[in-house]
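Read through the structure below, which is laid out as structure tokens, and then see the notes.
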Amino acid sequence: MVASRIKRKKTKKKKLFVLMPFLFLILAAVGYSAYEYNQGFNSASQNNEPFLHDQEEFNGENGADNLPLEKMNILILGIDSNGTEQARTDTIMVAQYNPEDGSLKLASIMRDSYVSIPGYANNKINASFFFGGPELIRQTIKENFNIDIQYYALINFDGFTEVVDTIAPHGIEIDVEKRMYYVDNAAGLKIDLYPGIQKLNGEELLKYARFRHDAESDFGRVRRQQQVTERVKEELISAATIAKIPRLLGTIQPYIDTNIETGTILSLAKDFIINPADQLNTLRLPIDGTFYNAHYSHAGAVLEFDKEENQKALNEFFSDEFEEENEEKTNELAAQ
């Protein structure tokens, strides 16, 4: 009996001794993550002026119920304003993320798309943000494109530059396809890029993505925005970036207003890194062949488009059938 008790005590001590290193590693990881998060948050808050407003109203359907098993649709809006004044968003995207397989799709909506806005006269889609913030854009997208959105992320462009400089201190490689030069003294903006493969820092990459003063105009800007998003995604899932995730989340926090909980963001970031998508699938709305240029006195130059065709294109893009067809094409290319 006594010998048996002594043996059990020794066994418990042995198990505890074995577990101690793992417990230490877990505590160290938690401590490191908290420290890096705070470092990123404090640095970002000191360097730039963050958002000063409270969380926006957003009545997306079934938001909490969609996680973590089902696809989630996120409205992504990019603005220059710090939130103290009304602004028109420069970037309007709907991202769909599937936590099960890590697949990511990105639909960009041209800001000059002429749409019906609930409670207001028809206007450019970015005017709906000026009139009613993210919630009115959600309603407008639902009415014109027939898609439900559960979440939103309102991002100050300063936050983008901070993210790029955090994950890629030496810049992100981009092939600048042409000479890009534009100066707006009133807005304090100067874009001055030369063609060729080069590494751009956060500020330069943002200017590249936003440039529209050429023959392509906003179409070129949307294309470059999607290109830059793909390159940033590639940097995010690289092995060198994984350890930077806590600091990265702290860095972006002052520049983002979202209804996604911090714990959910951490969980999604982990899933995205562990199970990354092979590629970022993108769509531009309105699609080719469904729009024409028009002009109205109250709205200026706009894009009139076929709602039915674009609703169909967006719903097909976000469907499971699109994923299956895309996977088949990828397999065929790999076999060649």
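Ligands are numbered from 1 in the order shown, chains are lettered A, B, ... in the order of the structure tokens, and residues start at 1 in each chain.
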(message) I need the alpha helix (DSSP H) residues of stretch 44-269 of chain A per DSSP on the backbone, written as an MDAnalysis selection string.
(response) chainID A and resid 44:47 127:145 157:167 202:210 217:236 239:242 245:252 262:269
Excluding A:Ser297 and residues on its chain fewer than 4 positions from it, collect all residues at most 12 Å away from it, counting only C-alpha atoms, and give them as a short mmCIF file (atom, residue, chain, number, x, y, z; two decimals) with N, CA and C atoms, in the first residue's frame.
```cif
data_model
loop_
_atom_site.label_atom_id
_atom_site.label_comp_id
_atom_site.auth_asym_id
_atom_site.auth_seq_id
_atom_site.Cartn_x
_atom_site.Cartn_y
_atom_site.Cartn_z
N ASN A 122 -31.14 58.49 -56.85
CA ASN A 122 -30.06 57.70 -57.44
C ASN A 122 -28.78 58.52 -57.48
N ASN A 123 -27.65 57.84 -57.25
CA ASN A 123 -26.38 58.54 -57.22
C ASN A 123 -25.25 57.53 -57.33
N ALA A 301 -20.10 62.48 -63.75
CA ALA A 301 -19.86 61.31 -64.60
C ALA A 301 -20.09 60.04 -63.81
N VAL A 302 -20.89 59.13 -64.38
CA VAL A 302 -21.25 57.89 -63.69
C VAL A 302 -21.17 56.70 -64.64
#
```
Against stretch 73-79 of chain A, which residues of stretch 222-306 of chain A fall within 10 Å? For each one I want the closest pair of atoms and the distance in Å (one decimal), counting only C-alpha atoms, rows by chain and increasing residue number, as a tab-separated table.
```
residue	atom	partner	partner_atom	distance
A:Ile256	CA	A:Gly78	CA	9.5
A:Asp257	CA	A:Leu77	CA	9.9
A:Thr258	CA	A:Ile76	CA	9.4
A:Asn259	CA	A:Ile74	CA	9.9
A:Ile260	CA	A:Ile74	CA	9.4
```
Writing out the chosen residues with N, CA and C atoms as a PDB file, in the first residue's frame:
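Ended up saving to out20.pdb:
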```
ATOM      1  N   ILE A 256      -8.869  51.032 -37.793  1.00  0.00           N
ATOM      2  CA  ILE A 256      -9.959  50.225 -38.327  1.00  0.00           C
ATOM      3  C   ILE A 256     -11.171  50.287 -37.409  1.00  0.00           C
ATOM      4  N   ASP A 257     -12.331  50.432 -38.013  1.00  0.00           N
ATOM      5  CA  ASP A 257     -13.595  50.390 -37.287  1.00  0.00           C
ATOM      6  C   ASP A 257     -14.355  49.198 -37.857  1.00  0.00           C
ATOM      7  N   THR A 258     -14.676  48.230 -37.031  1.00  0.00           N
ATOM      8  CA  THR A 258     -15.317  47.005 -37.515  1.00  0.00           C
ATOM      9  C   THR A 258     -16.243  46.428 -36.458  1.00  0.00           C
ATOM     10  N   ASN A 259     -17.220  45.638 -36.901  1.00  0.00           N
ATOM     11  CA  ASN A 259     -18.097  44.943 -35.961  1.00  0.00           C
ATOM     12  C   ASN A 259     -17.658  43.497 -35.751  1.00  0.00           C
ATOM     13  N   ILE A 260     -16.465  43.145 -36.211  1.00  0.00           N
ATOM     14  CA  ILE A 260     -15.909  41.813 -35.961  1.00  0.00           C
ATOM     15  C   ILE A 260     -15.134  41.865 -34.650  1.00  0.00           C
TER      16      ILE A 260
END
```
(request) Do a neighbour search on A:Ile252 at 9 Å with only C-alpha atoms, toss out local chain neighbours closer than 2 positions, and write the hits as an MDAnalysis selection string. (result) chainID A and resid 40:41 44 155 159:160 162:163 247:250 254:256
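With only C-alpha atoms as the atoms that count, the minimum distance from A:Ser217 to the choices A:Ala313, A:Asp112, A:Leu104, A:Thr290 is reached by A:Asp112.
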